[in-house]
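Quick notes on the structure that follows.
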Protein chains: 2
Amino acid sequence: MGDHLTTHDLLARVEELIGGELEQAERVFLSEVSSKHPYVHDVLQHITRFQGKRLRPILLLLSAAATGGIKDSHYVLASVVEMIHLATLVHDDVLDDALIRRHVATVNSRWNNETSVLVGDFLFTHAFHLSASLGDARACRLIGRATNLVCEGELAQIYERGNLNLSEDQYLQIINGKTAELCAISTELGALYAEADEQIVEALEDYGRALGVAFQITDDLLDLLGDEAQMGKSLGSDLQKEKLTLPLIRLLDQSSPEDQATIQEILSQPDQQTKSRLAQFIKNSDAIEYAANRARDFAKQARESLKFCPASPARQILEELTEFAIQRTI
Amino acid sequence: MGDHLTTHDLLARVEELIGGELEQAERVFLSEVSSKHPYVHDVLQHITRFQGKRLRPILLLLSAAATGGIKDSHYVLASVVEMIHLATLVHDDVLDDALIRRHVATVNSRWNNETSVLVGDFLFTHAFHLSASLGDARACRLIGRATNLVCEGELAQIYERGNLNLSEDQYLQIINGKTAELCAISTELGALYAEADEQIVEALEDYGRALGVAFQITDDLLDLLGDEAQMGKSLGSDLQKEKLTLPLIRLLDQSSPEDQATIQEILSQPDQQTKSRLAQFIKNSDAIEYAANRARDFAKQARESLKFCPASPARQILEELTEFAIQRTI
């Protein structure tokens with residue numbers, strides 16, 4: 001595993017190539033996430049601390065750099081996708097009653113649920129206002145549609161919670177909405193506002209979507225596996241919420257009717273023993289390998305979407321991101 | 001009071017003038033509030049039952065009719081403002097833990113809070129997508145900005161809850177955001193997309209804003225007064241939430257320091273006796289009259305904004321709506 005690309009290395013390469021542009025996008029973002037009302041301003045300032053690796057702005061700017069070059073509109077759009085991402089995080093924290101996000105108190109725990117719901121709405125609506133500031137309706141339409149699909153995906157996930165017969169197709173549909181859509185819109189907007197040809201714009205959209213799916217399958221695998229040392233000790237949050245993810249879908253699909261019934265019973269009563277009770281079934285199956293391979297398939301599909309793009313340092317990093325998306329499971 | 005316009009009469013006049021157009025807007029609305037996912041579709045269908053008098057679509061279409069005529073884009077925009085209104089209602093019900101809205105179970109009580117938060121987000125984002133379908137960024141920019149101000153107003157209200165020194169200015173700022181903004185955007189968009197002159201568009205925006213403020217002051221008065229027969233029995237929801245409204249701001253402002261202290265103490269411990277304990281103070285003051293007069297001022301201001309509009313049946317109804325907004329307090 002030593003010759004794998006580390007997150008640190010990859011981010012250093014990103015920084016080297018588009019560090020200045022990311023900083024510029026961040027300046028736009030910070031100047032927009034503000035309010036003349038001191039209370040609202042405080043909450044917004046707090047929320048900026050939830051920012052992570054800024055994956056979506058990075059995808060948007062790399063996509064622009066790979067297809068025609070980064071323009072002023074890209075800084076605005078990078079802020080928009082980051083703002084929407086933060087809005088979904090703030091609302092997720094309400095849904096999950098979460099106390100901590102990235103080592104910082106969530107809005108619902110530091111203030112209250114009302115503030116969380118409204119500040120999430122504030123971020124959504126501000127993102128739309130900001131995207132409209134570009135003066136053409138393309139970005140508004142794409143962003144409106146994508147965020148709408150994100151909400152639909154999350155609603156579908158809530159509905160399917162506890163459904164122990166979820167199919168792989170249904171699973172892929174859900175993660176396509178809740179995760180991949182916002183990655184797809186980031187890379188699509190990057191290329192679209194770089195004035196790339198239609199074929200290239202579509203290719204970059206496909207790239208973002210496949211990358212997002214690879215990321216989410218990997219996240220779900222990590223949620224199930226957790227830290228190996230902790231195996232059997234901490235219950236993955238998906239298990240707790242009775243969210244069926246790809247390895248478990250595969251496990252059930254490949255099990256005998258008797259084992260299926262036993263596994264479904266274990267899953268339907270999540271407790272501290274769930275993981276250890278599942279461990280033997282998982283070990284005797286190809287569930288983990290299968291899910292890891294599916295993630296790899298999507299990463300490959302993402303890489304292949306880039307073939308229409310001329311070679312460039314930005315395209316190179318986009319390619320490496322597909323490895324980064326899945327190598328955490330290997 | 002017998003010669004006052006009744007709600008029923010006014011709505012019959014609206015129906016007569018723009019009934020077909022309202023129906024057309026409703027058809028657009030119903031075809032948009034849908035989802036290919038059966039669960040999401042069910043929840044959306046349920047939410048359409050929260051619709052009331054459709055004040056915002058009525059304002060938008062009347063404003064169009066009064067300034068240049070109703071066009072196809074107005075049906076879309078009328079659906080957009082209704083959708084945003086419903087989104088704020090669904091999120092308000094989460095904030096208030098409400099069980100019933102318009103004799104129908106709220107989304108949070110029939111389903112759960114997660115679904116309420118996400119379906120509100122779904123409606124917001126769908127409204128943006130729909131407004132972008134008009135193909136120009138004007139509607140997107142205005143709607144993005146207005147909804148953002150609505151959220152800011154609601155956040156400010158949460159922050160000021162329990163602040164017994166709220167000034168009239170602060171109060172007006174809050175209701176300007178949380179209520180008047182969506183009325184203002186409705187009448188502004190009506191005129192803008194009727195291709196009216198800039199001066200007329202601004203006048204209609206002013207009309208909607210002043211009308212919205214008059215409506216909200218009146219609502220707040222009704223919340224305090226409640227049904228006279230119930231006086232002292234049911235606690236207004238504003239009192240319960242320690243939301244200071246205009247009559248109480250006036251009462252405190254005009255009271256002696258001793259009375260002020262007593263009233264603030266009563267307000268800071270809301271219970272079933274609060275109303276009866278306040279009754280004598282209110283009766284000995286001009287609080288009710290003052291607030292009713294302020295509502296009347298804003299209604300008059302709204303009417304005066306219409307002076308740039310040529311006389312028409314639609315303008316006539318817009319004028320009468322300003323009476324309707326305040327007469328409930330008389």
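How things are named: the first chain in the structure tokens is A, the next is B, and so on; residues count from 1 in each chain; ligands count from 1 in the order shown.
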Do me a favour and pick out the residues of chain A within 7 Å of chain B, using only C-alpha atoms, as a short mmCIF file (atom, residue, chain, number, x, y, z; two decimals) with all heavy atoms, in the first residue's frame.
data_model
loop_
_atom_site.label_atom_id
_atom_site.label_comp_id
_atom_site.auth_asym_id
_atom_site.auth_seq_id
_atom_site.Cartn_x
_atom_site.Cartn_y
_atom_site.Cartn_z
N TYR A 39 -26.60 37.99 14.67
CA TYR A 39 -26.86 36.61 15.08
C TYR A 39 -26.68 35.66 13.89
O TYR A 39 -25.98 34.64 14.00
CB TYR A 39 -28.28 36.51 15.63
CG TYR A 39 -28.76 35.10 15.89
CD1 TYR A 39 -28.15 34.31 16.86
CD2 TYR A 39 -29.84 34.57 15.20
CE1 TYR A 39 -28.60 33.03 17.13
CE2 TYR A 39 -30.30 33.29 15.45
CZ TYR A 39 -29.67 32.52 16.42
OH TYR A 39 -30.13 31.25 16.68
N VAL A 40 -27.30 36.02 12.77
CA VAL A 40 -27.20 35.19 11.57
C VAL A 40 -25.73 35.08 11.16
O VAL A 40 -25.24 34.00 10.81
CB VAL A 40 -28.06 35.76 10.42
CG1 VAL A 40 -28.01 34.84 9.21
CG2 VAL A 40 -29.50 35.98 10.87
N LEU A 95 -31.36 16.11 11.17
CA LEU A 95 -32.00 14.80 10.98
C LEU A 95 -31.37 13.76 11.90
O LEU A 95 -32.05 12.89 12.42
CB LEU A 95 -31.87 14.34 9.52
CG LEU A 95 -32.29 15.34 8.43
CD1 LEU A 95 -32.24 14.67 7.07
CD2 LEU A 95 -33.66 15.91 8.68
N GLU A 114 -34.37 24.92 15.34
CA GLU A 114 -35.00 25.97 14.52
C GLU A 114 -33.93 26.70 13.73
O GLU A 114 -34.07 26.94 12.53
CB GLU A 114 -35.73 27.02 15.37
CG GLU A 114 -37.03 26.56 15.97
CD GLU A 114 -36.86 26.17 17.41
OE1 GLU A 114 -35.83 25.50 17.73
OE2 GLU A 114 -37.72 26.52 18.23
N THR A 115 -32.86 27.08 14.44
CA THR A 115 -31.79 27.81 13.78
C THR A 115 -31.14 26.96 12.70
O THR A 115 -30.84 27.46 11.61
CB THR A 115 -30.75 28.27 14.83
OG1 THR A 115 -31.41 29.14 15.76
CG2 THR A 115 -29.59 29.00 14.19
N LEU A 118 -33.43 26.82 9.60
CA LEU A 118 -33.49 28.10 8.89
C LEU A 118 -32.15 28.50 8.28
O LEU A 118 -32.09 29.10 7.21
CB LEU A 118 -33.98 29.20 9.83
CG LEU A 118 -35.46 29.08 10.19
CD1 LEU A 118 -35.83 30.05 11.31
CD2 LEU A 118 -36.33 29.35 8.96
N ASP A 121 -31.76 26.63 5.17
CA ASP A 121 -32.57 27.30 4.14
C ASP A 121 -31.87 28.57 3.66
O ASP A 121 -31.89 28.89 2.47
CB ASP A 121 -33.95 27.69 4.71
CG ASP A 121 -34.82 26.48 5.02
OD1 ASP A 121 -34.43 25.37 4.63
OD2 ASP A 121 -35.87 26.66 5.66
N PHE A 122 -31.27 29.29 4.60
CA PHE A 122 -30.54 30.52 4.24
C PHE A 122 -29.43 30.19 3.24
O PHE A 122 -29.26 30.88 2.24
CB PHE A 122 -29.95 31.16 5.51
CG PHE A 122 -29.19 32.43 5.25
CD1 PHE A 122 -29.79 33.67 5.40
CD2 PHE A 122 -27.85 32.39 4.86
CE1 PHE A 122 -29.10 34.85 5.14
CE2 PHE A 122 -27.14 33.56 4.60
CZ PHE A 122 -27.77 34.79 4.74
N THR A 125 -30.93 29.19 -0.24
CA THR A 125 -31.48 30.32 -0.99
C THR A 125 -30.37 31.29 -1.38
O THR A 125 -30.42 31.88 -2.47
CB THR A 125 -32.56 31.05 -0.16
OG1 THR A 125 -32.01 31.44 1.11
CG2 THR A 125 -33.77 30.16 0.08
N HIS A 126 -29.36 31.41 -0.54
CA HIS A 126 -28.26 32.30 -0.89
C HIS A 126 -27.47 31.73 -2.08
O HIS A 126 -27.02 32.48 -2.95
CB HIS A 126 -27.34 32.53 0.30
CG HIS A 126 -26.49 33.74 0.11
ND1 HIS A 126 -27.00 35.01 0.20
CD2 HIS A 126 -25.20 33.87 -0.23
CE1 HIS A 126 -26.04 35.87 -0.07
NE2 HIS A 126 -24.93 35.21 -0.32
N PHE A 128 -28.70 30.03 -4.49
CA PHE A 128 -29.48 30.30 -5.69
C PHE A 128 -29.35 31.76 -6.12
O PHE A 128 -29.21 32.06 -7.29
CB PHE A 128 -30.95 29.94 -5.48
CG PHE A 128 -31.16 28.47 -5.42
CD1 PHE A 128 -31.56 27.85 -4.25
CD2 PHE A 128 -30.92 27.68 -6.54
CE1 PHE A 128 -31.72 26.48 -4.19
CE2 PHE A 128 -31.08 26.32 -6.49
CZ PHE A 128 -31.48 25.70 -5.31
N HIS A 129 -29.40 32.63 -5.12
CA HIS A 129 -29.26 34.05 -5.42
C HIS A 129 -27.90 34.30 -6.06
O HIS A 129 -27.78 35.02 -7.06
CB HIS A 129 -29.42 34.86 -4.13
CG HIS A 129 -29.40 36.33 -4.36
ND1 HIS A 129 -28.89 37.22 -3.46
CD2 HIS A 129 -29.83 37.07 -5.41
CE1 HIS A 129 -28.99 38.44 -3.96
NE2 HIS A 129 -29.56 38.39 -5.12
N ALA A 132 -27.68 33.08 -9.58
CA ALA A 132 -28.41 33.98 -10.50
C ALA A 132 -27.60 35.23 -10.81
O ALA A 132 -27.82 35.89 -11.83
CB ALA A 132 -29.76 34.35 -9.90
N SER A 133 -26.63 35.55 -9.93
CA SER A 133 -25.84 36.77 -10.14
C SER A 133 -24.95 36.66 -11.39
O SER A 133 -24.43 37.66 -11.88
CB SER A 133 -24.98 37.07 -8.91
OG SER A 133 -23.88 36.18 -8.85
N GLY A 135 -26.03 36.03 -14.19
CA GLY A 135 -26.79 36.72 -15.23
C GLY A 135 -27.35 35.82 -16.33
O GLY A 135 -28.03 36.31 -17.21
N ASP A 136 -27.07 34.53 -16.31
CA ASP A 136 -27.80 33.68 -17.23
C ASP A 136 -28.43 32.52 -16.47
O ASP A 136 -27.99 32.17 -15.37
CB ASP A 136 -26.93 33.18 -18.40
CG ASP A 136 -26.02 32.05 -18.02
OD1 ASP A 136 -25.25 32.24 -17.04
OD2 ASP A 136 -26.05 31.01 -18.66
N ALA A 137 -29.49 31.97 -17.05
CA ALA A 137 -30.32 31.02 -16.31
C ALA A 137 -29.76 29.61 -16.32
O ALA A 137 -30.27 28.74 -15.61
CB ALA A 137 -31.75 31.03 -16.86
N CYS A 140 -28.59 28.46 -12.92
CA CYS A 140 -29.75 28.36 -12.02
C CYS A 140 -30.53 27.08 -12.28
O CYS A 140 -30.93 26.38 -11.36
CB CYS A 140 -30.68 29.55 -12.20
SG CYS A 140 -29.89 31.12 -11.89
N ARG A 141 -30.74 26.79 -13.56
CA ARG A 141 -31.52 25.63 -13.91
C ARG A 141 -30.80 24.35 -13.48
O ARG A 141 -31.39 23.47 -12.84
CB ARG A 141 -31.75 25.61 -15.44
CG ARG A 141 -32.76 24.59 -15.93
CD ARG A 141 -33.09 24.79 -17.40
NE ARG A 141 -31.90 24.95 -18.23
CZ ARG A 141 -31.10 23.94 -18.61
NH1 ARG A 141 -31.37 22.71 -18.24
NH2 ARG A 141 -30.04 24.17 -19.36
N GLY A 144 -30.68 24.24 -9.61
CA GLY A 144 -32.02 23.96 -9.08
C GLY A 144 -32.35 22.48 -9.25
O GLY A 144 -32.80 21.82 -8.31
N ARG A 145 -32.09 21.97 -10.44
CA ARG A 145 -32.42 20.58 -10.73
C ARG A 145 -31.58 19.61 -9.87
O ARG A 145 -32.10 18.67 -9.28
CB ARG A 145 -32.16 20.30 -12.22
CG ARG A 145 -32.55 18.92 -12.65
CD ARG A 145 -32.50 18.74 -14.16
NE ARG A 145 -32.69 17.34 -14.47
CZ ARG A 145 -31.72 16.42 -14.39
NH1 ARG A 145 -30.51 16.78 -14.06
NH2 ARG A 145 -31.99 15.16 -14.66
N THR A 147 -29.97 20.11 -6.98
CA THR A 147 -30.29 20.13 -5.54
C THR A 147 -31.63 19.46 -5.31
O THR A 147 -31.83 18.80 -4.28
CB THR A 147 -30.30 21.56 -4.98
OG1 THR A 147 -31.07 22.40 -5.86
CG2 THR A 147 -28.91 22.12 -4.89
N ASN A 148 -32.55 19.61 -6.24
CA ASN A 148 -33.84 18.95 -6.12
C ASN A 148 -33.67 17.44 -6.11
O ASN A 148 -34.29 16.72 -5.32
CB ASN A 148 -34.73 19.40 -7.28
CG ASN A 148 -36.20 19.15 -7.02
OD1 ASN A 148 -36.91 18.64 -7.87
ND2 ASN A 148 -36.68 19.48 -5.84
N CYS A 151 -32.35 16.22 -2.74
CA CYS A 151 -33.42 16.09 -1.74
C CYS A 151 -34.24 14.84 -1.98
O CYS A 151 -34.58 14.12 -1.03
CB CYS A 151 -34.37 17.29 -1.79
SG CYS A 151 -33.57 18.84 -1.42
N GLU A 152 -34.54 14.56 -3.23
CA GLU A 152 -35.32 13.38 -3.57
C GLU A 152 -34.57 12.11 -3.16
O GLU A 152 -35.17 11.18 -2.60
CB GLU A 152 -35.61 13.37 -5.07
CG GLU A 152 -36.88 12.65 -5.45
CD GLU A 152 -37.24 12.83 -6.92
OE1 GLU A 152 -36.32 13.00 -7.75
OE2 GLU A 152 -38.42 12.81 -7.25
N LEU A 155 -34.76 11.75 0.59
CA LEU A 155 -36.10 11.32 0.99
C LEU A 155 -36.28 9.83 0.70
O LEU A 155 -36.83 9.09 1.53
CB LEU A 155 -37.17 12.13 0.24
CG LEU A 155 -37.46 13.51 0.82
CD1 LEU A 155 -38.23 14.36 -0.18
CD2 LEU A 155 -38.26 13.39 2.12
N TYR A 159 -37.17 6.72 3.29
CA TYR A 159 -38.28 5.80 3.06
C TYR A 159 -37.79 4.35 3.08
O TYR A 159 -38.47 3.47 3.61
CB TYR A 159 -38.93 6.11 1.71
CG TYR A 159 -40.06 5.18 1.38
CD1 TYR A 159 -41.23 5.19 2.13
CD2 TYR A 159 -39.95 4.28 0.31
CE1 TYR A 159 -42.27 4.33 1.84
CE2 TYR A 159 -40.99 3.43 0.01
CZ TYR A 159 -42.15 3.44 0.77
OH TYR A 159 -43.17 2.60 0.48
#
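The strand (DSSP E or B) portion of stretch 81-195 of chain B consists of Ile100, Arg101, Val104 and Ala105 of chain B, with states taken from DSSP on the backbone.
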How would the residues just chosen look if you wrote them out with N, CA and C atoms as a PDB file, in the first residue's frame?
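The resulting out30.pdb:
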ATOM      1  N   ILE B 100     -51.186  19.892  13.527  1.00  0.00           N
ATOM      2  CA  ILE B 100     -52.272  20.100  12.558  1.00  0.00           C
ATOM      3  C   ILE B 100     -52.040  21.403  11.813  1.00  0.00           C
ATOM      4  N   ARG B 101     -52.272  21.381  10.515  1.00  0.00           N
ATOM      5  CA  ARG B 101     -52.251  22.603   9.705  1.00  0.00           C
ATOM      6  C   ARG B 101     -53.460  22.532   8.785  1.00  0.00           C
ATOM      7  N   VAL B 104     -55.454  19.370   8.649  1.00  0.00           N
ATOM      8  CA  VAL B 104     -54.774  18.200   8.086  1.00  0.00           C
ATOM      9  C   VAL B 104     -53.514  17.959   8.928  1.00  0.00           C
ATOM     10  N   ALA B 105     -53.135  16.699   9.098  1.00  0.00           N
ATOM     11  CA  ALA B 105     -51.918  16.394   9.868  1.00  0.00           C
ATOM     12  C   ALA B 105     -50.708  17.050   9.202  1.00  0.00           C
TER      13      ALA B 105
END
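You can rank A:Leu306, A:Ala203, A:Ile47, A:Ile84 by their closest distance to A:Ser34 using only C-alpha atoms, and at the top of that list sits A:Ile47.
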Using only C-alpha atoms, determine which residues lie at most 10 Å from B:Thr7, disregarding the query and same-chain residues fewer than 5 positions distant; provide the list as a ChimeraX atom specification. /B:12-13,53,321,324-325,328
Those of stretch 24-64 of chain B in DSSP helix (DSSP H, G or I), formatted as a ChimeraX atom specification: /B:24-32,38-50,55-64
Long-range neighbours of B:Val76 as a PyMOL selection string, 12 Å cut-off, only C-alpha atoms, 3 positions minimum in chain: chain B and resi 21-22+24-32+57+60-61+70-73+79-83+126-135+139+186+189-190+193
Could you please take those selected residues and save N, CA and C atoms as a JSON list (two decimals), in the first residue's frame?
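Below is the file that was written, part.json:
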[["chain", "number", "residue", "atom", "x", "y", "z"],
["B", 21, "GLU", "N", -57.44, 32.04, -14.88],
["B", 21, "GLU", "CA", -55.97, 32.15, -14.80],
["B", 21, "GLU", "C", -55.44, 31.51, -13.51],
["B", 22, "LEU", "N", -56.19, 31.68, -12.42],
["B", 22, "LEU", "CA", -55.78, 31.02, -11.17],
["B", 22, "LEU", "C", -55.80, 29.51, -11.33],
["B", 24, "GLN", "N", -55.38, 27.88, -14.09],
["B", 24, "GLN", "CA", -54.25, 27.53, -14.94],
["B", 24, "GLN", "C", -52.95, 27.47, -14.11],
["B", 25, "ALA", "N", -52.77, 28.45, -13.24],
["B", 25, "ALA", "CA", -51.59, 28.46, -12.37],
["B", 25, "ALA", "C", -51.62, 27.25, -11.45],
["B", 26, "GLU", "N", -52.80, 26.91, -10.98],
["B", 26, "GLU", "CA", -52.94, 25.76, -10.08],
["B", 26, "GLU", "C", -52.58, 24.46, -10.81],
["B", 27, "ARG", "N", -52.95, 24.40, -12.09],
["B", 27, "ARG", "CA", -52.60, 23.20, -12.87],
["B", 27, "ARG", "C", -51.08, 23.06, -13.00],
["B", 28, "VAL", "N", -50.42, 24.18, -13.29],
["B", 28, "VAL", "CA", -48.95, 24.15, -13.35],
["B", 28, "VAL", "C", -48.40, 23.70, -12.00],
["B", 29, "PHE", "N", -48.93, 24.30, -10.95],
["B", 29, "PHE", "CA", -48.46, 23.98, -9.59],
["B", 29, "PHE", "C", -48.58, 22.48, -9.30],
["B", 30, "LEU", "N", -49.78, 21.93, -9.56],
["B", 30, "LEU", "CA", -50.01, 20.51, -9.22],
["B", 30, "LEU", "C", -49.15, 19.58, -10.07],
["B", 31, "SER", "N", -48.91, 19.97, -11.34],
["B", 31, "SER", "CA", -48.09, 19.09, -12.18],
["B", 31, "SER", "C", -46.62, 19.16, -11.76],
["B", 32, "GLU", "N", -46.23, 20.26, -11.10],
["B", 32, "GLU", "CA", -44.83, 20.40, -10.66],
["B", 32, "GLU", "C", -44.59, 19.79, -9.28],
["B", 57, "PRO", "N", -50.23, 33.69, -5.21],
["B", 57, "PRO", "CA", -50.59, 33.60, -6.64],
["B", 57, "PRO", "C", -51.62, 34.66, -7.04],
["B", 60, "LEU", "N", -49.85, 37.93, -7.45],
["B", 60, "LEU", "CA", -49.00, 37.94, -8.64],
["B", 60, "LEU", "C", -49.84, 38.12, -9.91],
["B", 61, "LEU", "N", -50.93, 37.39, -10.00],
["B", 61, "LEU", "CA", -51.75, 37.45, -11.21],
["B", 61, "LEU", "C", -52.51, 38.78, -11.31],
["B", 70, "ILE", "N", -51.81, 39.14, -18.14],
["B", 70, "ILE", "CA", -51.27, 37.85, -17.67],
["B", 70, "ILE", "C", -50.74, 37.05, -18.86],
["B", 71, "LYS", "N", -49.48, 36.58, -18.72],
["B", 71, "LYS", "CA", -48.84, 35.76, -19.77],
["B", 71, "LYS", "C", -48.52, 34.37, -19.23],
["B", 72, "ASP", "N", -48.05, 33.49, -20.11],
["B", 72, "ASP", "CA", -47.72, 32.13, -19.68],
["B", 72, "ASP", "C", -46.71, 32.11, -18.53],
["B", 73, "SER", "N", -45.72, 33.00, -18.59],
["B", 73, "SER", "CA", -44.70, 33.01, -17.54],
["B", 73, "SER", "C", -45.31, 33.27, -16.17],
["B", 79, "SER", "N", -46.91, 29.59, -9.51],
["B", 79, "SER", "CA", -46.61, 28.30, -8.89],
["B", 79, "SER", "C", -45.37, 28.40, -8.02],
["B", 80, "VAL", "N", -44.38, 29.15, -8.51],
["B", 80, "VAL", "CA", -43.12, 29.29, -7.76],
["B", 80, "VAL", "C", -43.37, 29.93, -6.40],
["B", 81, "VAL", "N", -44.11, 31.04, -6.35],
["B", 81, "VAL", "CA", -44.31, 31.72, -5.06],
["B", 81, "VAL", "C", -45.16, 30.87, -4.11],
["B", 82, "GLU", "N", -46.12, 30.13, -4.67],
["B", 82, "GLU", "CA", -46.93, 29.25, -3.82],
["B", 82, "GLU", "C", -46.06, 28.11, -3.25],
["B", 83, "MET", "N", -45.18, 27.59, -4.09],
["B", 83, "MET", "CA", -44.29, 26.50, -3.67],
["B", 83, "MET", "C", -43.36, 26.96, -2.54],
["B", 126, "HIS", "N", -37.15, 22.92, -5.90],
["B", 126, "HIS", "CA", -37.98, 22.77, -7.09],
["B", 126, "HIS", "C", -38.48, 24.13, -7.56],
["B", 127, "ALA", "N", -38.78, 24.99, -6.63],
["B", 127, "ALA", "CA", -39.22, 26.35, -7.00],
["B", 127, "ALA", "C", -38.12, 27.06, -7.78],
["B", 128, "PHE", "N", -36.88, 26.86, -7.36],
["B", 128, "PHE", "CA", -35.76, 27.51, -8.07],
["B", 128, "PHE", "C", -35.58, 26.93, -9.46],
["B", 129, "HIS", "N", -35.69, 25.61, -9.53],
["B", 129, "HIS", "CA", -35.56, 24.95, -10.82],
["B", 129, "HIS", "C", -36.64, 25.46, -11.77],
["B", 130, "LEU", "N", -37.86, 25.55, -11.24],
["B", 130, "LEU", "CA", -39.00, 25.99, -12.05],
["B", 130, "LEU", "C", -38.82, 27.43, -12.50],
["B", 131, "SER", "N", -38.34, 28.29, -11.60],
["B", 131, "SER", "CA", -38.17, 29.69, -12.01],
["B", 131, "SER", "C", -37.07, 29.82, -13.06],
["B", 132, "ALA", "N", -36.08, 28.93, -13.00],
["B", 132, "ALA", "CA", -35.01, 28.96, -14.01],
["B", 132, "ALA", "C", -35.53, 28.49, -15.37],
["B", 133, "SER", "N", -36.65, 27.75, -15.35],
["B", 133, "SER", "CA", -37.19, 27.24, -16.63],
["B", 133, "SER", "C", -37.70, 28.37, -17.51],
["B", 134, "LEU", "N", -37.90, 29.55, -16.95],
["B", 134, "LEU", "CA", -38.33, 30.69, -17.77],
["B", 134, "LEU", "C", -37.21, 31.19, -18.67],
["B", 135, "GLY", "N", -35.99, 30.74, -18.37],
["B", 135, "GLY", "CA", -34.90, 31.00, -19.31],
["B", 135, "GLY", "C", -34.18, 32.33, -19.13],
["B", 139, "ALA", "N", -35.90, 36.35, -12.77],
["B", 139, "ALA", "CA", -36.77, 35.72, -11.78],
["B", 139, "ALA", "C", -35.93, 34.98, -10.74],
["B", 186, "SER", "N", -44.07, 38.77, -5.12],
["B", 186, "SER", "CA", -45.21, 38.32, -5.94],
["B", 186, "SER", "C", -45.71, 39.45, -6.82],
["B", 189, "LEU", "N", -42.91, 40.55, -9.41],
["B", 189, "LEU", "CA", -42.78, 39.63, -10.55],
["B", 189, "LEU", "C", -43.98, 39.73, -11.49],
["B", 190, "GLY", "N", -45.17, 39.92, -10.91],
["B", 190, "GLY", "CA", -46.37, 40.09, -11.74],
["B", 190, "GLY", "C", -46.18, 41.24, -12.73],
["B", 193, "TYR", "N", -42.92, 40.73, -15.29],
["B", 193, "TYR", "CA", -43.13, 39.82, -16.41],
["B", 193, "TYR", "C", -44.34, 40.22, -17.26]]
